[in-house]
Amino acid sequence: MIIELGHYALVLALATALIVSVLPVIGARKGDKGLMSVAVTGTLAGFALVAFSFGVLTWAYMVSDFSVENVWENSHSLMPAIYRFSGVWGNHEGSMMLWLLILSLFSALVAIFGRNLPERLKANVLAVQGWITTAFTLFILITSNPFIRLSPVPAEGKDLNPVLQDVGLAIHPPLLYLGYVGFSVCFSFAIAALIDGRIDAAWARWVRPWTLAAWTFLTAGIAMGSYWAYYELGWGGWWFWDPVENASFMPWLAGTALLHSALVMEKRDALKIWTVLLAILTFSLSLLGTFLVRSGVLTSVHAFATDPSRGIFILCILTIFIGGAFSLFAFRAPMLKAGGLFQPISREGALVLNNLILTVSAATVLIGTLYPLLLETLTGEKISVGAPFFNLTFGLLMTPLLVAVPFGPLLAWKRGDLLGAMQRLFAAAIIAFVFAIIVYYIENGGPVMAVFGLAAGFFLIFGALSDLWYRSGFRKVPFRTALSRLNGLPRSAIGTAIAHLGFGVTVLGIVAVTTFETETVVEMKPGATADAGGYSITFDGMKQAIGPNYTEDRGHFTIRQGGVDKGDFWSSKRLYTARRMPTTEAGIRTFGLVHQLYVSLGDPMDDGGIVVRIWWKPYILCIWYGALIMMAGGFVSLSDRRLRVGVPKRAAKVAAPAALGAAE
């Protein structure tokens with residue numbers, strides 16, 4: 001009975017979303033506060049219904065209720081509890097329920113924390129959220145119902161896809177969807193403002209925290225997905241330019257541009273049209289990513305095989321929302337005022353350059369991802385656009401951005417002093433180049449261009465520190481005074497510096513591991529030794545083991561350096577008994593906090609040996625450390641009181657210290 005209640009709650013959520021989609025818009029046009037208030041009540045009720053429905057599906061997974069077809073197809077009674085829980089979204093139907101839950105959660109957060117939003121704007125924003133909620137609830141009920149019953153009830157489930165039975169998959173999709181769906185709020189603010197015909201600096205101030213929150217979660221989701229693929233799939237790579245990876249990366253690039261554009265709009269009342277366009281574009285790319293994953297047009301470890309009707313339905317959603325949004329933008333944009341003017345050499349100019357590079361980079365990834373699909377559809381010819389294309393084009397586009405990022409915070413608004421910024425960053429550039437050469441020689445050389453890549457990473461790091469150094473007045477005022485100034489800086493400024501520093505750490509890791517990693521493929525028998533990264537890896541032999549729902553052959557390896565034991569680890573090949581599907585579990589050992597030895601087992605040989613792939617990956621963890629630092633920067637910025645929704649009205653009652661304004 002509880003399963004039917006979950007289904008009925010979803011139907012009621014659809015009815016609630018339809019009400020929220022219509023009545024508040026009518027109320028906003030007529031100035032009827034009663035109808036506009038329906039937006040808040042209906043949104044909160046809709047979230048409660050969706051949360052109950054999702055909770056019922058989760059309960060069915062946790063108790064292994066195989067009378068539910070979705071549970072039967074994606075779970076097993078012997079699976080550990082954490083995988084039964086994550087199995088809820090380890091399939092198409094459940095992942096769409098997670099999407100809907102997060103969408104309704106963000107709508108509810110707007111309803112709760114948007115207390116000081118103008119009633120008309122708030123009603124329209126929640127109505128647009130209601131339109132999106134209606135579309136995806138219909139999609140679930142018509143094509144992807146997770147509550148379908150089976151009769152007779154199977155005795156056991158088919159088990160979850162083995163590659164999804166990992167702790168990372170309990171974390172990765174929720175974080176990714178918090179980013180994907182979080183941008184729906186920015187989209188709704190843009191559409192609501194276009195409907196109302198009013199876009200100003202206050203609008204940018206309301207949009208910024210939602211953009212920042214979505215960007216932060218999307219950063220976390222992409223990083224977690226990258227690390228999961230790295231250690232779980234056993235192929236030794238951290239990014240493959242897989243089309244579904246690209247589908248999450250494109251909104252991140254556009255969202256980063258939106259974040260910077262909203263800053264310019266808030267501070268200088270400029271780039272209005274550009275900011276609204278980016279808000280629409282970012283969520284449109286999120287919807288495109290959903291289509292690519294759910295439509296079945298892609299073959300990927302990330303994608304769910306689905307029937308064509310689902311892809312057609314999502315394509316209709318894309319056409320309505322993206323086409324409608326851009327049509328509304330085209331109609332309203334000429335009526336919007338351009339806003340404040342500024343010189344090319346200024347902080348606004350630096351942010352515009354940043355946005356141009358990011359959007360062109362996103363367009364490049366989009367073309368590389370969709371071109372093979374379009375070509376196959378039109379001509380039947382199959383081609384592959386892989387890593388060489390993306391590495392070359394994306395790398396060339398991003399190079400000027402790496403140089404320009406540290407300059408932006410050191411330039412003044414409206415009219416900046418480029419020579420002064422260069423003088424302030426001169427020391428950072430010299431230190432960065434010295435550090436790059438040191439790393440280059442520590443790793444025994446490589447391509448000479450790697451020095452410039454390493455220097456770019458260090459330049460981002462020391463450039464971010466230089467920003468805080470000069471803002472605080474170190475060496476110009478007493479040390480204690482400078483520390484006090486540093487502590488008094490706006491958290492948004494500190495968060496920005498932290499995020500830029502994290503970006504530098506990630507760039508450093510990417511360049512270093514790409515340049516200096518080594519790979520060895522060798523057949524090993526018990527007692528055999530191979531060298532990698534200055535360590536000797538000895539294969540001690542194989543051992544069989546049994547897990548809760550799998551069997552595995554485990555290889556034990558001992559690591560030595562100069563004859564001294566440095567540790568050991570296991571690498572294994574598993575066979576999941578229900579699906580009869582094999583997986584590879586890599587053996588990984590970390591050294592010096594940033595370097596890793598990575599060992600993956602291959603096929604056994606007739607002579608009793610086994611093929612072993614050994615990678616030495618120097619500085620590999622810097623890639624994900626940098627992502628964590630960027631996330632920390634996002635959360636620090638979010639903690640700035642001026643970025644909280646509803647603050648402007650309170651802040652108007654308090655005289656802000658002049659020094660605080662000068663710091664920004």
# chains A, B, ... in the order shown; residues from 1 in each chain; ligands from 1
$ closest_atom_pairs --of "stretch 349-392 of chain A" --to "stretch 234-251 of chain A" --cutoff "12 Å" --atoms "only C-alpha atoms" --output "CSV"
residue,atom,partner,partner_atom,distance
A:Leu358,CA,A:Met250,CA,9.4
A:Thr359,CA,A:Met250,CA,8.9
A:Val360,CA,A:Met250,CA,10.5
A:Ser361,CA,A:Met250,CA,8.5
A:Ala362,CA,A:Met250,CA,5.2
A:Ala363,CA,A:Met250,CA,8.1
A:Thr364,CA,A:Met250,CA,9.4
A:Val365,CA,A:Asn246,CA,6.8
A:Leu366,CA,A:Met250,CA,7.2
A:Ile367,CA,A:Asn246,CA,10.6
A:Gly368,CA,A:Pro243,CA,8.8
A:Thr369,CA,A:Pro243,CA,5.7
A:Leu370,CA,A:Pro243,CA,8.4
A:Tyr371,CA,A:Pro243,CA,11.0
A:Pro372,CA,A:Pro243,CA,10.4
A:Leu373,CA,A:Pro243,CA,10.4
A:Ser384,CA,A:Pro243,CA,10.7
A:Val385,CA,A:Trp241,CA,9.1
A:Gly386,CA,A:Trp241,CA,6.7
A:Ala387,CA,A:Trp241,CA,6.0
A:Pro388,CA,A:Trp241,CA,9.7
A:Phe389,CA,A:Trp241,CA,9.7
A:Phe390,CA,A:Trp241,CA,7.3
A:Asn391,CA,A:Trp241,CA,8.9
$ select_by_dssp --residues "stretch 474-560 of chain A" --states "strand (DSSP E or B)" --output "PDB file with N, CA and C atoms, in the first residue's frame"
ATOM      1  N   PHE A 474      50.077  44.349   3.700  1.00  0.00           N
ATOM      2  CA  PHE A 474      51.321  43.823   4.271  1.00  0.00           C
ATOM      3  C   PHE A 474      52.512  44.612   3.728  1.00  0.00           C
ATOM      4  N   VAL A 477      51.810  48.528   6.324  1.00  0.00           N
ATOM      5  CA  VAL A 477      51.320  48.839   7.671  1.00  0.00           C
ATOM      6  C   VAL A 477      51.892  47.792   8.604  1.00  0.00           C
ATOM      7  N   THR A 518      54.273   7.898 -15.726  1.00  0.00           N
ATOM      8  CA  THR A 518      54.846   6.785 -16.487  1.00  0.00           C
ATOM      9  C   THR A 518      53.876   5.612 -16.430  1.00  0.00           C
ATOM     10  N   GLU A 519      53.900   4.805 -17.468  1.00  0.00           N
ATOM     11  CA  GLU A 519      53.030   3.628 -17.534  1.00  0.00           C
ATOM     12  C   GLU A 519      53.875   2.430 -17.944  1.00  0.00           C
ATOM     13  N   THR A 520      53.689   1.325 -17.229  1.00  0.00           N
ATOM     14  CA  THR A 520      54.416   0.091 -17.505  1.00  0.00           C
ATOM     15  C   THR A 520      53.420  -1.050 -17.603  1.00  0.00           C
ATOM     16  N   VAL A 521      53.473  -1.796 -18.699  1.00  0.00           N
ATOM     17  CA  VAL A 521      52.632  -2.982 -18.872  1.00  0.00           C
ATOM     18  C   VAL A 521      53.560  -4.188 -18.905  1.00  0.00           C
ATOM     19  N   VAL A 522      53.382  -5.090 -17.966  1.00  0.00           N
ATOM     20  CA  VAL A 522      54.322  -6.194 -17.830  1.00  0.00           C
ATOM     21  C   VAL A 522      53.589  -7.448 -17.360  1.00  0.00           C
ATOM     22  N   GLU A 523      54.065  -8.606 -17.805  1.00  0.00           N
ATOM     23  CA  GLU A 523      53.545  -9.871 -17.279  1.00  0.00           C
ATOM     24  C   GLU A 523      54.335 -10.223 -16.021  1.00  0.00           C
ATOM     25  N   MET A 524      53.626 -10.508 -14.942  1.00  0.00           N
ATOM     26  CA  MET A 524      54.289 -10.781 -13.671  1.00  0.00           C
ATOM     27  C   MET A 524      53.839 -12.130 -13.113  1.00  0.00           C
ATOM     28  N   THR A 529      59.332  -8.455 -10.047  1.00  0.00           N
ATOM     29  CA  THR A 529      59.427  -7.059  -9.602  1.00  0.00           C
ATOM     30  C   THR A 529      59.440  -6.132 -10.807  1.00  0.00           C
ATOM     31  N   ALA A 530      58.770  -5.000 -10.658  1.00  0.00           N
ATOM     32  CA  ALA A 530      58.785  -3.954 -11.677  1.00  0.00           C
ATOM     33  C   ALA A 530      59.065  -2.627 -10.994  1.00  0.00           C
ATOM     34  N   ASP A 531      59.625  -1.679 -11.734  1.00  0.00           N
ATOM     35  CA  ASP A 531      59.982  -0.373 -11.181  1.00  0.00           C
ATOM     36  C   ASP A 531      59.061   0.719 -11.727  1.00  0.00           C
ATOM     37  N   ALA A 532      58.721   1.660 -10.858  1.00  0.00           N
ATOM     38  CA  ALA A 532      57.909   2.815 -11.273  1.00  0.00           C
ATOM     39  C   ALA A 532      58.074   3.928 -10.250  1.00  0.00           C
ATOM     40  N   TYR A 535      60.253   3.431  -7.188  1.00  0.00           N
ATOM     41  CA  TYR A 535      59.874   2.365  -6.263  1.00  0.00           C
ATOM     42  C   TYR A 535      59.925   1.031  -6.987  1.00  0.00           C
ATOM     43  N   SER A 536      60.160  -0.029  -6.223  1.00  0.00           N
ATOM     44  CA  SER A 536      60.105  -1.391  -6.743  1.00  0.00           C
ATOM     45  C   SER A 536      58.815  -2.040  -6.268  1.00  0.00           C
ATOM     46  N   ILE A 537      58.047  -2.564  -7.208  1.00  0.00           N
ATOM     47  CA  ILE A 537      56.761  -3.195  -6.881  1.00  0.00           C
ATOM     48  C   ILE A 537      56.907  -4.688  -7.104  1.00  0.00           C
ATOM     49  N   THR A 538      56.754  -5.465  -6.050  1.00  0.00           N
ATOM     50  CA  THR A 538      56.897  -6.917  -6.115  1.00  0.00           C
ATOM     51  C   THR A 538      55.526  -7.574  -6.063  1.00  0.00           C
ATOM     52  N   PHE A 539      55.277  -8.473  -7.015  1.00  0.00           N
ATOM     53  CA  PHE A 539      54.026  -9.220  -7.051  1.00  0.00           C
ATOM     54  C   PHE A 539      54.172 -10.455  -6.176  1.00  0.00           C
ATOM     55  N   ASP A 540      53.352 -10.530  -5.102  1.00  0.00           N
ATOM     56  CA  ASP A 540      53.485 -11.622  -4.131  1.00  0.00           C
ATOM     57  C   ASP A 540      52.599 -12.813  -4.439  1.00  0.00           C
ATOM     58  N   GLY A 541      51.596 -12.639  -5.312  1.00  0.00           N
ATOM     59  CA  GLY A 541      50.728 -13.757  -5.661  1.00  0.00           C
ATOM     60  C   GLY A 541      49.255 -13.390  -5.571  1.00  0.00           C
ATOM     61  N   MET A 542      48.418 -14.347  -5.973  1.00  0.00           N
ATOM     62  CA  MET A 542      46.980 -14.143  -6.021  1.00  0.00           C
ATOM     63  C   MET A 542      46.285 -14.864  -4.869  1.00  0.00           C
ATOM     64  N   LYS A 543      45.116 -14.338  -4.511  1.00  0.00           N
ATOM     65  CA  LYS A 543      44.307 -14.945  -3.455  1.00  0.00           C
ATOM     66  C   LYS A 543      42.840 -14.735  -3.793  1.00  0.00           C
ATOM     67  N   GLN A 544      42.031 -15.758  -3.563  1.00  0.00           N
ATOM     68  CA  GLN A 544      40.604 -15.642  -3.821  1.00  0.00           C
ATOM     69  C   GLN A 544      39.893 -15.138  -2.570  1.00  0.00           C
ATOM     70  N   ALA A 545      38.847 -14.362  -2.797  1.00  0.00           N
ATOM     71  CA  ALA A 545      38.053 -13.828  -1.692  1.00  0.00           C
ATOM     72  C   ALA A 545      36.594 -13.766  -2.111  1.00  0.00           C
ATOM     73  N   ILE A 546      35.720 -13.700  -1.120  1.00  0.00           N
ATOM     74  CA  ILE A 546      34.281 -13.655  -1.378  1.00  0.00           C
ATOM     75  C   ILE A 546      33.696 -12.437  -0.677  1.00  0.00           C
ATOM     76  N   TYR A 550      29.710 -10.823  -4.487  1.00  0.00           N
ATOM     77  CA  TYR A 550      30.687 -11.009  -5.555  1.00  0.00           C
ATOM     78  C   TYR A 550      31.790 -11.949  -5.082  1.00  0.00           C
ATOM     79  N   THR A 551      32.535 -12.477  -6.052  1.00  0.00           N
ATOM     80  CA  THR A 551      33.775 -13.192  -5.769  1.00  0.00           C
ATOM     81  C   THR A 551      34.901 -12.413  -6.434  1.00  0.00           C
ATOM     82  N   GLU A 552      36.114 -12.553  -5.924  1.00  0.00           N
ATOM     83  CA  GLU A 552      37.215 -11.800  -6.512  1.00  0.00           C
ATOM     84  C   GLU A 552      38.523 -12.551  -6.405  1.00  0.00           C
ATOM     85  N   ASP A 553      39.390 -12.283  -7.378  1.00  0.00           N
ATOM     86  CA  ASP A 553      40.775 -12.738  -7.357  1.00  0.00           C
ATOM     87  C   ASP A 553      41.636 -11.529  -7.048  1.00  0.00           C
ATOM     88  N   ARG A 554      42.350 -11.588  -5.921  1.00  0.00           N
ATOM     89  CA  ARG A 554      43.102 -10.432  -5.442  1.00  0.00           C
ATOM     90  C   ARG A 554      44.600 -10.671  -5.607  1.00  0.00           C
ATOM     91  N   GLY A 555      45.273  -9.668  -6.153  1.00  0.00           N
ATOM     92  CA  GLY A 555      46.725  -9.729  -6.263  1.00  0.00           C
ATOM     93  C   GLY A 555      47.373  -8.843  -5.207  1.00  0.00           C
ATOM     94  N   HIS A 556      48.362  -9.400  -4.479  1.00  0.00           N
ATOM     95  CA  HIS A 556      49.036  -8.638  -3.426  1.00  0.00           C
ATOM     96  C   HIS A 556      50.382  -8.130  -3.930  1.00  0.00           C
ATOM     97  N   PHE A 557      50.660  -6.861  -3.647  1.00  0.00           N
ATOM     98  CA  PHE A 557      51.901  -6.231  -4.094  1.00  0.00           C
ATOM     99  C   PHE A 557      52.589  -5.562  -2.907  1.00  0.00           C
ATOM    100  N   THR A 558      53.923  -5.674  -2.874  1.00  0.00           N
ATOM    101  CA  THR A 558      54.731  -5.021  -1.855  1.00  0.00           C
ATOM    102  C   THR A 558      55.591  -3.943  -2.506  1.00  0.00           C
ATOM    103  N   ILE A 559      55.655  -2.783  -1.867  1.00  0.00           N
ATOM    104  CA  ILE A 559      56.395  -1.645  -2.412  1.00  0.00           C
ATOM    105  C   ILE A 559      57.664  -1.432  -1.595  1.00  0.00           C
ATOM    106  N   ARG A 560      58.787  -1.292  -2.293  1.00  0.00           N
ATOM    107  CA  ARG A 560      60.062  -1.044  -1.617  1.00  0.00           C
ATOM    108  C   ARG A 560      60.801   0.091  -2.314  1.00  0.00           C
TER     109      ARG A 560
END
$ atom_distance --atom1 "atom CA of A:Ala51" --atom2 "atom CA of A:Ala193"
29.0 Å
$ closest_atom_pairs --of "stretch 539-558 of chain A" --to "stretch 62-83 of chain A" --cutoff "12 Å" --atoms "only C-alpha atoms" --output "tab-separated table"
residue	atom	partner	partner_atom	distance
A:Gly547	CA	A:Leu78	CA	9.6
A:Pro548	CA	A:Leu78	CA	5.9
A:Asn549	CA	A:Leu78	CA	5.8
A:Tyr550	CA	A:Met79	CA	9.5
$ closest_atom_pairs --of "stretch 247-268 of chain A" --to "stretch 201-204 of chain A" --cutoff "12 Å" --atoms "only C-alpha atoms" --output "Markdown table"
| residue | atom | partner | partner_atom | distance |
| --- | --- | --- | --- | --- |
| A:Leu258 | CA | A:Ala204 | CA | 10.3 |
| A:Leu259 | CA | A:Ala204 | CA | 9.7 |
| A:His260 | CA | A:Ala204 | CA | 10.7 |
| A:Ser261 | CA | A:Ala204 | CA | 9.0 |
| A:Ala262 | CA | A:Ala204 | CA | 5.4 |
| A:Leu263 | CA | A:Ala204 | CA | 7.4 |
| A:Val264 | CA | A:Ala204 | CA | 8.8 |
| A:Met265 | CA | A:Ala201 | CA | 5.7 |
| A:Glu266 | CA | A:Ala201 | CA | 4.4 |
| A:Lys267 | CA | A:Ala201 | CA | 7.2 |
| A:Arg268 | CA | A:Ala201 | CA | 7.6 |
$ write_last_selection --atoms "N, CA and C atoms" --output "tab-separated table (two decimals), in the first residue's frame"
chain	number	residue	atom	x	y	z
A	258	LEU	N	28.76	33.02	-15.88
A	258	LEU	CA	27.59	33.68	-15.28
A	258	LEU	C	27.93	34.27	-13.92
A	259	LEU	N	28.71	33.55	-13.14
A	259	LEU	CA	29.09	34.02	-11.81
A	259	LEU	C	29.86	35.34	-11.89
A	260	HIS	N	30.79	35.42	-12.83
A	260	HIS	CA	31.58	36.64	-12.98
A	260	HIS	C	30.75	37.77	-13.61
A	261	SER	N	29.89	37.41	-14.53
A	261	SER	CA	29.06	38.43	-15.18
A	261	SER	C	28.08	39.05	-14.19
A	262	ALA	N	27.50	38.22	-13.31
A	262	ALA	CA	26.58	38.74	-12.29
A	262	ALA	C	27.30	39.68	-11.34
A	263	LEU	N	28.59	39.41	-11.08
A	263	LEU	CA	29.37	40.30	-10.22
A	263	LEU	C	29.50	41.69	-10.84
A	264	VAL	N	29.82	41.72	-12.15
A	264	VAL	CA	29.93	43.01	-12.85
A	264	VAL	C	28.58	43.73	-12.82
A	265	MET	N	27.51	43.00	-13.04
A	265	MET	CA	26.19	43.62	-13.07
A	265	MET	C	25.82	44.19	-11.71
A	266	GLU	N	26.16	43.46	-10.64
A	266	GLU	CA	25.83	43.94	-9.30
A	266	GLU	C	26.65	45.18	-8.94
A	267	LYS	N	27.95	45.16	-9.26
A	267	LYS	CA	28.82	46.25	-8.84
A	267	LYS	C	28.70	47.48	-9.74
A	268	ARG	N	28.50	47.25	-11.05
A	268	ARG	CA	28.58	48.37	-11.99
A	268	ARG	C	27.31	48.54	-12.82
$ select_by_dssp --residues "stretch 415-524 of chain A" --states "alpha helix (DSSP H)" --output "PyMOL selection string"
chain A and resi 418-442+449-472+479-488+491-516
$ decode --residues "stretch 341-376 of chain A" --atoms "N, CA and C atoms" --output "CSV table (one decimal), in the first residue's frame"
chain,number,residue,atom,x,y,z
A,341,LEU,N,29.1,52.1,-18.2
A,341,LEU,CA,30.2,52.0,-19.2
A,341,LEU,C,31.5,51.8,-18.4
A,342,PHE,N,32.5,51.2,-19.1
A,342,PHE,CA,33.8,51.0,-18.5
A,342,PHE,C,34.9,50.9,-19.6
A,343,GLN,N,36.1,51.2,-19.2
A,343,GLN,CA,37.3,51.1,-20.1
A,343,GLN,C,37.7,49.6,-20.3
A,344,PRO,N,38.3,49.3,-21.4
A,344,PRO,CA,38.7,47.9,-21.6
A,344,PRO,C,39.7,47.4,-20.5
A,345,ILE,N,40.6,48.3,-20.1
A,345,ILE,CA,41.5,48.0,-19.1
A,345,ILE,C,40.9,48.4,-17.7
A,346,SER,N,40.2,47.4,-17.2
A,346,SER,CA,39.4,47.6,-15.9
A,346,SER,C,39.1,46.2,-15.4
A,347,ARG,N,38.5,46.2,-14.2
A,347,ARG,CA,38.1,44.9,-13.7
A,347,ARG,C,37.0,44.4,-14.5
A,348,GLU,N,36.1,45.2,-14.9
A,348,GLU,CA,35.0,44.8,-15.8
A,348,GLU,C,35.5,44.2,-17.1
A,349,GLY,N,36.5,44.9,-17.6
A,349,GLY,CA,37.1,44.4,-18.9
A,349,GLY,C,37.8,43.0,-18.7
A,350,ALA,N,38.4,42.8,-17.6
A,350,ALA,CA,39.1,41.5,-17.3
A,350,ALA,C,38.0,40.4,-17.2
A,351,LEU,N,36.9,40.8,-16.5
A,351,LEU,CA,35.8,39.8,-16.4
A,351,LEU,C,35.1,39.5,-17.7
A,352,VAL,N,35.0,40.5,-18.6
A,352,VAL,CA,34.4,40.2,-19.9
A,352,VAL,C,35.3,39.3,-20.7
A,353,LEU,N,36.7,39.5,-20.6
A,353,LEU,CA,37.6,38.7,-21.3
A,353,LEU,C,37.5,37.2,-20.8
A,354,ASN,N,37.4,37.1,-19.4
A,354,ASN,CA,37.2,35.8,-18.8
A,354,ASN,C,35.9,35.1,-19.3
A,355,ASN,N,34.8,35.9,-19.5
A,355,ASN,CA,33.6,35.3,-19.9
A,355,ASN,C,33.6,34.9,-21.4
A,356,LEU,N,34.3,35.7,-22.2
A,356,LEU,CA,34.4,35.4,-23.6
A,356,LEU,C,35.2,34.1,-23.8
A,357,ILE,N,36.3,33.9,-23.1
A,357,ILE,CA,37.1,32.7,-23.2
A,357,ILE,C,36.3,31.5,-22.7
A,358,LEU,N,35.6,31.6,-21.6
A,358,LEU,CA,34.8,30.5,-21.0
A,358,LEU,C,33.7,30.1,-21.9
A,359,THR,N,33.0,31.1,-22.5
A,359,THR,CA,31.8,30.7,-23.4
A,359,THR,C,32.3,30.1,-24.7
A,360,VAL,N,33.4,30.6,-25.3
A,360,VAL,CA,34.0,30.0,-26.5
A,360,VAL,C,34.5,28.6,-26.2
A,361,SER,N,35.0,28.4,-25.0
A,361,SER,CA,35.5,27.1,-24.6
A,361,SER,C,34.3,26.1,-24.5
A,362,ALA,N,33.2,26.6,-23.9
A,362,ALA,CA,32.0,25.8,-23.8
A,362,ALA,C,31.5,25.4,-25.2
A,363,ALA,N,31.5,26.4,-26.1
A,363,ALA,CA,31.0,26.2,-27.4
A,363,ALA,C,31.9,25.1,-28.1
A,364,THR,N,33.2,25.2,-27.9
A,364,THR,CA,34.1,24.2,-28.5
A,364,THR,C,33.8,22.8,-28.0
A,365,VAL,N,33.6,22.7,-26.7
A,365,VAL,CA,33.2,21.4,-26.2
A,365,VAL,C,31.9,20.9,-26.7
A,366,LEU,N,31.0,21.8,-26.8
A,366,LEU,CA,29.6,21.5,-27.4
A,366,LEU,C,29.7,21.0,-28.8
A,367,ILE,N,30.5,21.7,-29.6
A,367,ILE,CA,30.7,21.2,-31.0
A,367,ILE,C,31.3,19.9,-31.1
A,368,GLY,N,32.4,19.7,-30.3
A,368,GLY,CA,33.1,18.4,-30.4
A,368,GLY,C,32.2,17.3,-29.9
A,369,THR,N,31.3,17.5,-29.0
A,369,THR,CA,30.4,16.5,-28.4
A,369,THR,C,29.3,16.2,-29.4
A,370,LEU,N,28.7,17.2,-30.0
A,370,LEU,CA,27.5,17.0,-30.8
A,370,LEU,C,27.8,16.7,-32.3
A,371,TYR,N,28.9,17.1,-32.8
A,371,TYR,CA,29.2,17.0,-34.2
A,371,TYR,C,29.1,15.5,-34.7
A,372,PRO,N,29.7,14.5,-33.9
A,372,PRO,CA,29.6,13.1,-34.4
A,372,PRO,C,28.2,12.7,-34.5
A,373,LEU,N,27.3,13.1,-33.5
A,373,LEU,CA,25.9,12.7,-33.5
A,373,LEU,C,25.2,13.3,-34.7
A,374,LEU,N,25.4,14.6,-34.9
A,374,LEU,CA,24.7,15.2,-36.0
A,374,LEU,C,25.2,14.6,-37.4
A,375,LEU,N,26.5,14.4,-37.5
A,375,LEU,CA,27.0,13.8,-38.8
A,375,LEU,C,26.4,12.4,-39.0
A,376,GLU,N,26.3,11.6,-38.0
A,376,GLU,CA,25.7,10.3,-38.1
A,376,GLU,C,24.2,10.4,-38.5
